[in-house]
Amino acid sequence: MEGAGVLLAATPQRLLLIDITKLKINHYSELPPLPVFKVVNLAEKGLPIGMRFFVRDSKLYMVGGEKPRVGLSPEMLRDRKKLRLDKSFGYRGISPHVYVSDLTGGPDSITLLRKHPILMVAAKPTPIVTEIGGKIYVLSKTPWHRYPGHSVVGTTLYVLAWSLCGDGEFYFSYDVNDKIWKFLGKSVDEVPVPYPLRPLFSGKFVPAYDDIFIYFQFQHLRAAWIPSDGSPTRYQVLTEVYGDYYLRDGYPQSGLVVELGEREMCIMMPFLTAPDIPLDQLSDDIFNPTPLRSILYMATFRVEKLHSSDQACPPKLHKMMLLMFPKHLIMMMVHVQGGTALKPPPFLSITCLSKGFYNLEAWGPETCDVCSAFFHRWVNRRNDGWLGSIFKEALKLVRFLVAKGKKWKKHGGLPHLTFSGPFGKKGTTLHLTIKISQLKG
C-alpha cells in the first residue's frame, strides 16, 4: 500500500474503522469478519441509524438518518416494516443534526461523535452527500432506491429522480454557480456528459489519472478512459478485481469505489445471500421468507496506465453497428476493425492487492448497504502528536492572555512566545516560536 491508514465505512447500523493492511485474498466459503480497529453500534450509542458522512479539515461529519425508539431488537432495526422511530427526535424521528469527530487522534477520537451546533435546513432520512466547488451539498434520497441516483461533473450536479406515480425516471441538473434546477428529460441519454458519468453509476476517478474513471455498472466493474479532447470513450472490464469473484447466488446491492492513494483503489459491494440455497429455490412466501444474510465483497488494487494507450487510436466503428446500437454500448462490447469484431485492447494494467468476501453481520444483524466510505491516512503520531499537543497548549495560553489584555514584550515588532523541548532523536531540540498576530480569531 502507498501509506498506512484507516478505511472509514458507514453501514446503516454501524461505523466501521477497517484496517486495510490486513485484508487478504479469500473465497466465499470462508467469510471471515472484517479486520477492524473499532466498531461503533449507532443505535446503542443513542445516535440515528442510516447516517452518511463526509470528511473536511481532518474532521468526520455524519448527517441525516433516523432515530429509532429505545429497546428495539437488532432484527427490528434492519427491517423497515418493523422499524419504529422516536417521534420526539428531530422531525418525527428523522434527523436534521450533524455529528462530528476528530480524525487526528486515532480510533478512539474518531468514534467519539458529538452533536454539532449547526442543523441542516431539512431533516433527511437517507441523504446523498457530495462535494461541489469546495462546498458540501446534502440531498434527500428515497430509502428503496437501489442505484446512486446522482453524479457530479465540474460544478454541475446531475440527479435521477423516480416518480411516485409510476411515470418512470426523470433527470435534472443543478449548477452551483447559477443555482438553477433544470429538467433534462426522461431518458439518461438527455444527460449531456460521457456515459459513465451519468447518474446511474457509482465510481471515482483514479487520482493519478484525471481521465480514468473506475465505476460499477450494475453487476460489472469497469474502467472508462475519457479523453479530454472529446474523442470516444474506451472501456475495460476489470475481471481481475471483480469478475472471477462475482457471487452468482446473491443479490448485489449498490457498490462503492474508494480512493486509497494516487494509483490504489478499493471497491465495496454488499450482497444479500442465503447460505447454501440457490436463488431459484428461495421461498417467495411473504409470511415465511427464506432468511437472508448480509455479506460484503471487498478488493484493493493498483492501477497503471499502459504507455501504448496514450497513443492508441479509438476503434473504427462499422456502419451497420452505428445504426443498430448506441455508440457507448459498441465501445464497451467490441473493437471493430475491418468489419471483424475483436476484444478491445486493454489500456490499464491491474494488480490485485486483496479480494474476498466478509461477514457483514459479525457484530449482529445488519442492513445490506454501505452508506459512505473514505480512506484516511494516518499521520506520524510520535512526532506530529508531540508538536500538535504543544501547539494546542500554546494556543490556549495565548488566547487567554490576549483576552485578558496582558501586555507583551516586543520582539521583532510582534508579540511572541518561544518553546523549547526534545524532539525526535536523542540530542535534538525543537525551538518553536509562535506569533500572537497569527493566532487571533
# chains A, B, ... in the order shown; residues from 1 in each chain; ligands from 1
call {"tool": "residues_around", "arguments": {"residues": "Met268 of chain A", "least_positions_apart": "2", "cutoff": "8 Å", "atoms": "only C-alpha atoms", "output": "ChimeraX atom specification"}}
result
/A:255-257,266,270,296-299,370
call {"tool": "closest_atom_pairs", "arguments": {"of": "segment 100-165 of chain A", "to": "segment 3-19 of chain A", "cutoff": "12 Å", "atoms": "only C-alpha atoms", "output": "Markdown table"}}
result
| residue | atom | partner | partner_atom | distance |
| --- | --- | --- | --- | --- |
| A:Leu103 | CA | A:Val6 | CA | 9.9 |
| A:Thr104 | CA | A:Gly5 | CA | 11.2 |
| A:Gly106 | CA | A:Val6 | CA | 9.3 |
| A:Pro107 | CA | A:Leu17 | CA | 7.3 |
| A:Asp108 | CA | A:Leu17 | CA | 10.3 |
| A:Ser109 | CA | A:Leu17 | CA | 11.7 |
| A:Ile110 | CA | A:Leu17 | CA | 8.8 |
| A:Thr111 | CA | A:Leu15 | CA | 7.9 |
| A:Leu112 | CA | A:Leu15 | CA | 11.1 |
| A:Leu113 | CA | A:Leu15 | CA | 10.6 |
| A:Pro125 | CA | A:Pro12 | CA | 10.7 |
| A:Thr126 | CA | A:Pro12 | CA | 9.3 |
| A:Pro127 | CA | A:Pro12 | CA | 11.7 |
| A:Pro143 | CA | A:Pro12 | CA | 11.1 |
call {"tool": "write_last_selection", "arguments": {"atoms": "C-alpha atoms", "output": "PDB file, in the first residue's frame"}}
result
ATOM      1  CA  LEU A 103      -9.645  12.165  12.747  1.00  0.00           C
ATOM      2  CA  THR A 104      -6.229  13.148  14.115  1.00  0.00           C
ATOM      3  CA  GLY A 106      -6.651   7.604  16.454  1.00  0.00           C
ATOM      4  CA  PRO A 107      -9.645   5.226  16.572  1.00  0.00           C
ATOM      5  CA  ASP A 108     -10.906   6.438  19.958  1.00  0.00           C
ATOM      6  CA  SER A 109     -11.226  10.071  18.865  1.00  0.00           C
ATOM      7  CA  ILE A 110     -12.728   9.090  15.501  1.00  0.00           C
ATOM      8  CA  THR A 111     -15.562   7.210  17.167  1.00  0.00           C
ATOM      9  CA  LEU A 112     -16.237   9.936  19.768  1.00  0.00           C
ATOM     10  CA  LEU A 113     -19.113  11.570  17.883  1.00  0.00           C
ATOM     11  CA  PRO A 125     -33.525  10.023   6.397  1.00  0.00           C
ATOM     12  CA  THR A 126     -31.209   8.607   3.683  1.00  0.00           C
ATOM     13  CA  PRO A 127     -29.240  11.573   2.349  1.00  0.00           C
ATOM     14  CA  PRO A 143     -34.821   4.580   1.006  1.00  0.00           C
TER      15      PRO A 143
END
call {"tool": "residues_around", "arguments": {"residues": "Ala43 of chain A", "least_positions_apart": "4", "cutoff": "10 Å", "atoms": "only C-alpha atoms", "output": "PyMOL selection string"}}
result
chain A and resi 12-14+47-49+66-72+74+77
call {"tool": "residues_around", "arguments": {"residues": "segment 133-135 of chain A", "least_positions_apart": "2", "cutoff": "12 Å", "atoms": "only C-alpha atoms", "output": "list of chain:residue names"}}
result
A:Phe54, A:Val55, A:Arg56, A:Asp57, A:Val129, A:Thr130, A:Glu131, A:Tyr137, A:Val138, A:Val152, A:Val153, A:Gly154, A:Thr155, A:Thr156, A:Leu157, A:Asp175, A:Val176, A:Asn177
call {"tool": "select_by_dssp", "arguments": {"residues": "segment 49-218 of chain A", "states": "alpha helix (DSSP H)", "output": "VMD selection string"}}
result
chain A and resid 74 to 78 107 to 110
call {"tool": "residues_around", "arguments": {"residues": "segment 223-227 of chain A", "least_positions_apart": "3", "cutoff": "8 Å", "atoms": "only C-alpha atoms", "output": "VMD selection string"}}
result
chain A and resid 194 196 211 to 215 230 to 238 347
call {"tool": "write_last_selection", "arguments": {"atoms": "C-alpha atoms", "output": "PDB file, in the first residue's frame"}}
result
ATOM      1  CA  PRO A 194     -19.975  10.976 -21.029  1.00  0.00           C
ATOM      2  CA  PRO A 196     -20.086   6.549 -17.286  1.00  0.00           C
ATOM      3  CA  ASP A 211      -9.168  10.667 -17.493  1.00  0.00           C
ATOM      4  CA  ILE A 212      -9.519   7.166 -15.939  1.00  0.00           C
ATOM      5  CA  PHE A 213     -12.847   6.518 -14.201  1.00  0.00           C
ATOM      6  CA  ILE A 214     -13.468   3.293 -12.207  1.00  0.00           C
ATOM      7  CA  TYR A 215     -17.150   2.516 -11.695  1.00  0.00           C
ATOM      8  CA  GLY A 230     -13.749  14.754 -26.742  1.00  0.00           C
ATOM      9  CA  SER A 231     -12.705  11.613 -28.647  1.00  0.00           C
ATOM     10  CA  PRO A 232     -14.723   8.420 -27.986  1.00  0.00           C
ATOM     11  CA  THR A 233     -14.624   6.879 -24.522  1.00  0.00           C
ATOM     12  CA  ARG A 234     -12.925   3.477 -24.240  1.00  0.00           C
ATOM     13  CA  TYR A 235     -13.908   0.757 -21.770  1.00  0.00           C
ATOM     14  CA  GLN A 236     -12.214  -2.119 -19.970  1.00  0.00           C
ATOM     15  CA  VAL A 237     -13.943  -4.728 -17.798  1.00  0.00           C
ATOM     16  CA  LEU A 238     -11.901  -5.298 -14.632  1.00  0.00           C
ATOM     17  CA  PHE A 347      -5.410   0.455 -21.581  1.00  0.00           C
TER      18      PHE A 347
END
call {"tool": "decode", "arguments": {"residues": "segment 103-118 of chain A", "atoms": "all heavy atoms", "output": "tab-separated table (two decimals), in the first residue's frame"}}
result
chain	number	residue	atom	x	y	z
A	103	LEU	N	-10.36	13.24	13.42
A	103	LEU	CA	-9.65	12.17	12.75
A	103	LEU	C	-8.16	12.12	13.10
A	103	LEU	O	-7.45	11.25	12.61
A	103	LEU	CB	-9.79	12.30	11.23
A	103	LEU	CG	-11.19	12.12	10.64
A	103	LEU	CD1	-11.16	12.34	9.14
A	103	LEU	CD2	-11.74	10.75	10.96
A	104	THR	N	-7.68	13.04	13.90
A	104	THR	CA	-6.23	13.15	14.12
A	104	THR	C	-5.74	12.40	15.35
A	104	THR	O	-4.53	12.32	15.57
A	104	THR	CB	-5.82	14.63	14.25
A	104	THR	OG1	-6.50	15.22	15.38
A	104	THR	CG2	-6.19	15.40	13.00
A	105	GLY	N	-6.63	11.84	16.15
A	105	GLY	CA	-6.20	11.25	17.41
A	105	GLY	C	-6.31	9.75	17.51
A	105	GLY	O	-6.25	9.21	18.60
A	106	GLY	N	-6.54	9.05	16.40
A	106	GLY	CA	-6.65	7.60	16.45
A	106	GLY	C	-8.09	7.13	16.54
A	106	GLY	O	-9.03	7.92	16.55
A	107	PRO	N	-8.29	5.79	16.60
A	107	PRO	CA	-9.65	5.23	16.57
A	107	PRO	C	-10.57	5.75	17.66
A	107	PRO	O	-11.76	5.93	17.43
A	107	PRO	CB	-9.38	3.72	16.73
A	107	PRO	CG	-8.01	3.51	16.20
A	107	PRO	CD	-7.24	4.75	16.57
A	108	ASP	N	-10.03	5.99	18.88
A	108	ASP	CA	-10.91	6.44	19.96
A	108	ASP	C	-11.51	7.81	19.68
A	108	ASP	O	-12.69	8.06	19.94
A	108	ASP	CB	-10.12	6.47	21.28
A	108	ASP	CG	-9.81	5.08	21.78
A	108	ASP	OD1	-10.54	4.15	21.41
A	108	ASP	OD2	-8.83	4.93	22.53
A	109	SER	N	-10.70	8.73	19.14
A	109	SER	CA	-11.23	10.07	18.87
A	109	SER	C	-12.14	10.07	17.64
A	109	SER	O	-13.08	10.85	17.56
A	109	SER	CB	-10.07	11.07	18.66
A	109	SER	OG	-9.39	10.80	17.46
A	110	ILE	N	-11.88	9.17	16.69
A	110	ILE	CA	-12.73	9.09	15.50
A	110	ILE	C	-14.14	8.67	15.88
A	110	ILE	O	-15.13	9.18	15.34
A	110	ILE	CB	-12.12	8.11	14.48
A	110	ILE	CG1	-10.80	8.66	13.92
A	110	ILE	CG2	-13.10	7.87	13.31
A	110	ILE	CD1	-10.08	7.70	12.99
A	111	THR	N	-14.25	7.75	16.81
A	111	THR	CA	-15.56	7.21	17.17
A	111	THR	C	-16.26	8.02	18.26
A	111	THR	O	-17.38	7.69	18.65
A	111	THR	CB	-15.42	5.75	17.64
A	111	THR	OG1	-14.47	5.69	18.72
A	111	THR	CG2	-14.92	4.87	16.50
A	112	LEU	N	-15.62	9.08	18.75
A	112	LEU	CA	-16.24	9.94	19.77
A	112	LEU	C	-17.05	11.02	19.06
A	112	LEU	O	-16.62	12.16	18.89
A	112	LEU	CB	-15.16	10.55	20.66
A	112	LEU	CG	-15.65	11.33	21.89
A	112	LEU	CD1	-16.44	10.41	22.82
A	112	LEU	CD2	-14.47	11.96	22.63
A	113	LEU	N	-18.25	10.66	18.64
A	113	LEU	CA	-19.11	11.57	17.88
A	113	LEU	C	-19.88	12.50	18.83
A	113	LEU	O	-20.47	12.04	19.81
A	113	LEU	CB	-20.11	10.77	17.04
A	113	LEU	CG	-19.50	9.96	15.88
A	113	LEU	CD1	-20.47	8.91	15.40
A	113	LEU	CD2	-19.11	10.88	14.73
A	114	ARG	N	-19.85	13.79	18.52
A	114	ARG	CA	-20.59	14.77	19.31
A	114	ARG	C	-21.47	15.59	18.39
A	114	ARG	O	-21.17	15.76	17.21
A	114	ARG	CB	-19.63	15.67	20.09
A	114	ARG	CG	-18.73	16.52	19.21
A	114	ARG	CD	-17.71	17.29	20.04
A	114	ARG	NE	-16.95	18.22	19.23
A	114	ARG	CZ	-15.88	17.90	18.52
A	114	ARG	NH1	-15.45	16.64	18.50
A	114	ARG	NH2	-15.24	18.80	17.81
A	115	LYS	N	-22.55	16.12	18.94
A	115	LYS	CA	-23.51	16.87	18.13
A	115	LYS	C	-22.96	18.25	17.82
A	115	LYS	O	-22.51	18.98	18.70
A	115	LYS	CB	-24.84	16.98	18.87
A	115	LYS	CG	-25.99	17.48	18.02
A	115	LYS	CD	-27.30	17.52	18.81
A	115	LYS	CE	-27.79	16.14	19.14
A	115	LYS	NZ	-29.12	16.18	19.83
A	116	HIS	N	-22.99	18.61	16.53
A	116	HIS	CA	-22.53	19.93	16.08
A	116	HIS	C	-23.66	20.95	16.30
A	116	HIS	O	-24.84	20.61	16.15
A	116	HIS	CB	-22.14	19.87	14.60
A	116	HIS	CG	-21.29	21.00	14.13
A	116	HIS	ND1	-21.80	22.24	13.84
A	116	HIS	CD2	-19.96	21.08	13.91
A	116	HIS	CE1	-20.83	23.03	13.44
A	116	HIS	NE2	-19.68	22.36	13.48
A	117	PRO	N	-23.32	22.20	16.64
A	117	PRO	CA	-24.40	23.19	16.88
A	117	PRO	C	-25.20	23.53	15.62
A	117	PRO	O	-26.32	24.03	15.73
A	117	PRO	CB	-23.65	24.41	17.40
A	117	PRO	CG	-22.23	24.23	16.98
A	117	PRO	CD	-21.99	22.76	16.96
A	118	ILE	N	-24.65	23.30	14.44
A	118	ILE	CA	-25.35	23.64	13.20
A	118	ILE	C	-26.34	22.53	12.84
A	118	ILE	O	-26.01	21.34	12.91
A	118	ILE	CB	-24.35	23.85	12.05
A	118	ILE	CG1	-23.47	25.07	12.34
A	118	ILE	CG2	-25.07	24.02	10.71
A	118	ILE	CD1	-22.41	25.31	11.28
